[in-house]
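Notes to accompany the following structure.
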Amino acid sequence: MIFECVNLSLTFSSQRPVEALEAVNFSVDAGEFVCIVGPSGCGKTTLVKLIARLLTPSQGNIHFHQPPDNERLQTAMVFQHQGLFPWMTVLENVAFGLEVRGLSREDRHQRAMAFIARVGLAEFANSYPHQLSGGMRQRAAIMRAFLADPEVLLMDEPFASLDAQTRIIMREELLDTWRENPKTVIYITHDIEEAILLGDRILVMSGRPGTIRADIAVTLPRPRSFSLRQLPAFDAIHQQVWHLIENEVRQSLRVTT
């Protein structure tokens, strides 16, 4: 086990307090790819921000079970909107985590170029984010997070702003990078198919305040491709997840059946 959330709750204080999460409990093993799905407003992003220590829980705790390593980040985040530094080139952005760790310029650029080349961005290494497409910027953001080598990589709908065709390619590239650089990943998505294609497990969240309704193992063989959607096992997991959140999604859209 690399970390666990124990009775994690968060209430945002304001004139009218808002309960975002209530009694969230789950654990994650090292090297697992865990996807979190759920309707809008159930607290998915809030949960990963708590894991990243960007927010402080009102109750409960997050326990990392490995001793602190001053040379290594506990977590790194990849956001939906790329979050690259606009004043840095692709190479400088990808190498940033290594710069923070004190590696020499030559060493960090050599390592960064290897990751950049892996996702077809070598010829854009000296370009700035505004000169790239959305998919290219997100590739750079993901490579930056992997190269920083955190204990846990947190990904908050990283492909949501991309077109459907680009998302397919980006998912494949993400899985290739993850296989070559094993890492614990927590991945938020609204897309049930995406969660099944990527995850070892799917945590299904719902409610306001949000909580974990189910923890579903995905036992489909790897490597995975879209052809798996034809398998009865794929459809069974999809139906199981959709059944857990369907009513809440329909209510949020004010759709009656």
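For the structure tokens, the naming scheme is as follows: chains receive sequential letters (A, B, ...) according to their order of presentation, residues are indexed from 1 within each chain, and ligands are indexed from 1 in presentation order.
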Contacts between segment 157-161 of chain A and segment 89-149 of chain A, please, where a residue of segment 89-149 of chain A counts if it comes within 12 Å (with only C-alpha atoms); show its shortest atom pair and distance in Å to one decimal, rows by chain and ascending number, as a Markdown table.
| residue | atom | partner | partner_atom | distance |
| --- | --- | --- | --- | --- |
| A:Ser133 | CA | A:Ser161 | CA | 11.4 |
| A:Gly134 | CA | A:Ser161 | CA | 7.9 |
| A:Gly135 | CA | A:Phe159 | CA | 8.1 |
| A:Met136 | CA | A:Phe159 | CA | 11.2 |
| A:Arg137 | CA | A:Pro158 | CA | 10.7 |
| A:Gln138 | CA | A:Pro158 | CA | 7.3 |
| A:Arg139 | CA | A:Pro158 | CA | 9.7 |
| A:Ala140 | CA | A:Pro158 | CA | 11.7 |
| A:Ala141 | CA | A:Pro158 | CA | 9.2 |
| A:Ile142 | CA | A:Pro158 | CA | 8.6 |
| A:Ala145 | CA | A:Pro158 | CA | 11.9 |
Output the selection as a tab-separated table (two decimals), in the first residue's frame - C-alpha atoms for each residue.
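Saved to part-v6.tsv:
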chain	number	residue	atom	x	y	z
A	133	SER	CA	-1.91	22.44	-30.32
A	134	GLY	CA	-3.91	21.44	-27.26
A	135	GLY	CA	-2.87	17.81	-27.60
A	136	MET	CA	0.80	18.74	-27.89
A	137	ARG	CA	0.63	20.94	-24.80
A	138	GLN	CA	-1.00	18.13	-22.85
A	139	ARG	CA	1.69	15.68	-23.98
A	140	ALA	CA	4.31	18.06	-22.62
A	141	ALA	CA	2.42	18.44	-19.32
A	142	ILE	CA	2.17	14.67	-18.87
A	145	ALA	CA	4.80	15.02	-14.47
Next item on the list: Identify, with DSSP run on backbone atoms, the residues in segment 29-248 of chain A assigned to strand (DSSP E), and express the list as number ranges by chain.
Entry: A: 33-37, 59-64, 75-78, 152-156, 184-188, 201-206, 211-217
Would you mind exporting N, CA, C and O atoms of the selected residues as a short mmCIF file (atom, residue, chain, number, x, y, z; two decimals), in the first residue's frame?
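selection-v9.cif, freshly written:
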data_model
loop_
_atom_site.label_atom_id
_atom_site.label_comp_id
_atom_site.auth_asym_id
_atom_site.auth_seq_id
_atom_site.Cartn_x
_atom_site.Cartn_y
_atom_site.Cartn_z
N PHE A 33 -3.12 1.84 -11.26
CA PHE A 33 -3.76 2.90 -12.03
C PHE A 33 -5.23 2.91 -11.61
O PHE A 33 -5.99 2.02 -11.97
N VAL A 34 -5.61 3.90 -10.81
CA VAL A 34 -6.96 3.96 -10.23
C VAL A 34 -7.72 5.12 -10.86
O VAL A 34 -7.27 6.27 -10.81
N CYS A 35 -8.85 4.82 -11.48
CA CYS A 35 -9.70 5.85 -12.07
C CYS A 35 -10.85 6.19 -11.13
O CYS A 35 -11.38 5.31 -10.44
N ILE A 36 -11.22 7.46 -11.12
CA ILE A 36 -12.35 7.93 -10.32
C ILE A 36 -13.38 8.53 -11.26
O ILE A 36 -13.06 9.43 -12.04
N VAL A 37 -14.60 8.00 -11.21
CA VAL A 37 -15.69 8.52 -12.04
C VAL A 37 -16.84 8.92 -11.13
O VAL A 37 -16.96 8.48 -9.99
N GLN A 59 -12.10 16.72 8.36
CA GLN A 59 -11.96 15.54 9.22
C GLN A 59 -11.22 14.46 8.44
O GLN A 59 -11.20 14.46 7.21
N GLY A 60 -10.66 13.51 9.16
CA GLY A 60 -9.99 12.39 8.54
C GLY A 60 -8.56 12.71 8.15
O GLY A 60 -8.06 13.81 8.38
N ASN A 61 -7.90 11.71 7.55
CA ASN A 61 -6.49 11.83 7.23
C ASN A 61 -6.14 11.11 5.95
O ASN A 61 -6.84 10.20 5.50
N ILE A 62 -5.01 11.53 5.36
CA ILE A 62 -4.40 10.83 4.24
C ILE A 62 -3.05 10.34 4.72
O ILE A 62 -2.20 11.14 5.13
N HIS A 63 -2.86 9.03 4.71
CA HIS A 63 -1.62 8.44 5.22
C HIS A 63 -0.79 7.89 4.06
O HIS A 63 -1.24 7.00 3.33
N PHE A 64 0.41 8.42 3.87
CA PHE A 64 1.37 7.84 2.95
C PHE A 64 2.23 6.86 3.75
O PHE A 64 2.77 7.21 4.79
N THR A 75 3.52 13.87 -4.59
CA THR A 75 2.50 13.92 -5.64
C THR A 75 2.87 14.97 -6.68
O THR A 75 3.61 15.92 -6.41
N ALA A 76 2.33 14.78 -7.88
CA ALA A 76 2.37 15.79 -8.93
C ALA A 76 1.03 15.72 -9.65
O ALA A 76 0.44 14.65 -9.76
N MET A 77 0.55 16.87 -10.13
CA MET A 77 -0.76 16.93 -10.76
C MET A 77 -0.67 17.33 -12.22
O MET A 77 0.16 18.16 -12.60
N VAL A 78 -1.54 16.72 -13.03
CA VAL A 78 -1.77 17.15 -14.40
C VAL A 78 -3.22 17.60 -14.47
O VAL A 78 -4.13 16.83 -14.17
N VAL A 152 3.06 9.54 -6.40
CA VAL A 152 1.70 9.39 -6.92
C VAL A 152 1.45 10.49 -7.94
O VAL A 152 1.66 11.68 -7.65
N LEU A 153 1.00 10.09 -9.13
CA LEU A 153 0.66 11.05 -10.17
C LEU A 153 -0.85 11.23 -10.18
O LEU A 153 -1.60 10.26 -10.34
N LEU A 154 -1.30 12.47 -10.01
CA LEU A 154 -2.72 12.80 -9.96
C LEU A 154 -3.11 13.49 -11.27
O LEU A 154 -2.49 14.48 -11.67
N MET A 155 -4.15 12.98 -11.93
CA MET A 155 -4.55 13.49 -13.23
C MET A 155 -6.03 13.84 -13.20
O MET A 155 -6.88 12.97 -13.00
N ASP A 156 -6.32 15.13 -13.39
CA ASP A 156 -7.69 15.62 -13.29
C ASP A 156 -8.25 15.89 -14.69
O ASP A 156 -8.06 16.96 -15.26
N THR A 184 2.27 5.00 -9.64
CA THR A 184 0.92 5.01 -9.08
C THR A 184 0.17 6.21 -9.65
O THR A 184 0.64 7.35 -9.57
N VAL A 185 -1.01 5.96 -10.24
CA VAL A 185 -1.77 7.01 -10.90
C VAL A 185 -3.19 7.05 -10.35
O VAL A 185 -3.85 6.02 -10.22
N ILE A 186 -3.65 8.26 -10.01
CA ILE A 186 -5.06 8.51 -9.70
C ILE A 186 -5.59 9.40 -10.82
O ILE A 186 -5.09 10.50 -11.04
N TYR A 187 -6.61 8.92 -11.51
CA TYR A 187 -7.05 9.55 -12.76
C TYR A 187 -8.55 9.85 -12.69
O TYR A 187 -9.37 8.93 -12.58
N ILE A 188 -8.92 11.11 -12.78
CA ILE A 188 -10.33 11.51 -12.78
C ILE A 188 -10.84 11.58 -14.21
O ILE A 188 -10.18 12.13 -15.10
N ARG A 201 -8.55 -0.30 -11.33
CA ARG A 201 -9.75 -0.21 -10.50
C ARG A 201 -10.49 1.06 -10.87
O ARG A 201 -9.89 2.03 -11.35
N ILE A 202 -11.80 1.06 -10.61
CA ILE A 202 -12.63 2.25 -10.79
C ILE A 202 -13.33 2.55 -9.47
O ILE A 202 -14.08 1.72 -8.96
N LEU A 203 -13.05 3.72 -8.92
CA LEU A 203 -13.78 4.20 -7.75
C LEU A 203 -14.95 5.03 -8.25
O LEU A 203 -14.76 6.01 -9.00
N VAL A 204 -16.16 4.65 -7.87
CA VAL A 204 -17.36 5.35 -8.31
C VAL A 204 -17.82 6.27 -7.18
O VAL A 204 -18.13 5.81 -6.08
N MET A 205 -17.84 7.59 -7.47
CA MET A 205 -18.27 8.57 -6.48
C MET A 205 -19.65 9.09 -6.84
O MET A 205 -20.03 9.15 -8.01
N SER A 206 -20.40 9.50 -5.83
CA SER A 206 -21.68 10.16 -6.06
C SER A 206 -22.08 10.89 -4.79
O SER A 206 -21.45 10.74 -3.74
N THR A 211 -19.12 10.77 -1.80
CA THR A 211 -18.52 9.64 -1.10
C THR A 211 -18.25 8.53 -2.12
O THR A 211 -18.69 8.62 -3.27
N ILE A 212 -17.51 7.51 -1.73
CA ILE A 212 -17.22 6.38 -2.61
C ILE A 212 -18.36 5.37 -2.52
O ILE A 212 -18.61 4.81 -1.46
N ARG A 213 -19.03 5.12 -3.63
CA ARG A 213 -20.13 4.17 -3.65
C ARG A 213 -19.68 2.76 -4.00
O ARG A 213 -20.32 1.78 -3.59
N ALA A 214 -18.62 2.65 -4.79
CA ALA A 214 -18.17 1.32 -5.21
C ALA A 214 -16.70 1.37 -5.60
O ALA A 214 -16.19 2.40 -6.03
N ASP A 215 -16.05 0.23 -5.44
CA ASP A 215 -14.65 0.06 -5.83
C ASP A 215 -14.63 -1.18 -6.73
O ASP A 215 -14.75 -2.30 -6.24
N ILE A 216 -14.50 -0.96 -8.05
CA ILE A 216 -14.70 -2.01 -9.03
C ILE A 216 -13.38 -2.39 -9.66
O ILE A 216 -12.67 -1.54 -10.23
N ALA A 217 -13.02 -3.66 -9.60
CA ALA A 217 -11.79 -4.15 -10.22
C ALA A 217 -12.01 -4.30 -11.73
O ALA A 217 -13.06 -4.79 -12.17
#
Which residues of segment 156-249 of chain A come within 10 Å of segment 15-19 of chain A, and what is each one's closest atom pair and distance in Å (one decimal), counting only C-alpha atoms, sorted by chain and residue number, as CSV?
residue,atom,partner,partner_atom,distance
A:Arg208,CA,A:Glu19,CA,7.0
A:Pro209,CA,A:Glu19,CA,5.1
A:Gly210,CA,A:Glu19,CA,8.2
Query - alpha helix (DSSP H) positions in segment 74-162 of chain A, given as JSON, numbers by chain - result: {"A": [90, 91, 92, 93, 94, 96, 97, 98, 99, 100, 105, 106, 107, 108, 109, 110, 111, 112, 113, 114, 115, 116, 117, 118, 134, 135, 136, 137, 138, 139, 140, 141, 142, 143, 144, 145, 146, 147, 148]}
inquiry  = Under the rule that only C-alpha atoms are counted, which of A:His238, A:Arg222, A:Arg144, A:Arg179 is the nearest residue to Leu84 of chain A?
reply    =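 Using only C-alpha atoms, the shortest distance to Leu84 of chain A belongs to A:Arg144.
Considering the residues A:Ser227, A:Asn247, A:Asn7, A:Ser104 and counting only C-alpha atoms, Ser27 of chain A has its shortest atom-to-atom contact with A:Asn7.
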Q: Could you check which of A:Ser40, A:Thr89, A:Gln110, A:Thr46 is closest to Leu147 of chain A, using only C-alpha atoms?
A: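 Result for the nearest residue to Leu147 of chain A: A:Gln110.
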#### Entry: Which of A:Leu47, A:Ala95, A:Leu174, A:Ala148 sits closest to Arg118 of chain A [using only C-alpha atoms]
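The answer is A:Leu174, which sits nearest to Arg118 of chain A.
One finds atom CA of Leu10 of chain A at 8.9 Å from atom CA of Leu55 of chain A.
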Practice problem: Please indicate the distance in Å from atom CA of Asp163 of chain A to atom CA of Thr219 of chain A, rounded to one decimal place. | Solution: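 These atoms are spaced 28.0 Å apart.
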Suppose you want the space between atom CA of Met170 of chain A and atom CA of Met88 of chain A; what is it in Å?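 Value for the atom CA of Met170 of chain A-atom CA of Met88 of chain A distance: 22.6 Å.
The smallest atom-to-atom distance between Lys183 of chain A and any of A:Leu54, A:Ile196, A:Val28, A:Ala164, using only C-alpha atoms, is found for A:Val28.
Comparing A:Glu92, A:Glu172, A:Asp29, A:Glu180 by their smallest distance to Asp200 of chain A, the closest is A:Asp29 (using only C-alpha atoms).
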If we count only C-alpha atoms and set the cut-off at 7 Å, which residues sit around Pro57 of chain A, ignoring sequence neighbours fewer than 6 positions away in its own chain? Please answer as a CSV table (one decimal) with N, CA and C atoms, in the first residue's frame.
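Now in result27.csv:
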chain,number,residue,atom,x,y,z
A,8,LEU,N,-12.2,10.6,5.2
A,8,LEU,CA,-11.9,11.9,4.7
A,8,LEU,C,-13.1,12.7,4.4
A,9,SER,N,-13.2,13.9,5.1
A,9,SER,CA,-14.4,14.8,4.9
A,9,SER,C,-13.9,16.2,4.7
A,10,LEU,N,-14.7,17.0,3.9
A,10,LEU,CA,-14.3,18.4,3.7
A,10,LEU,C,-15.6,19.2,3.6
A,50,LEU,N,-7.1,17.2,-2.2
A,50,LEU,CA,-6.8,16.9,-0.8
A,50,LEU,C,-5.5,15.9,-0.8
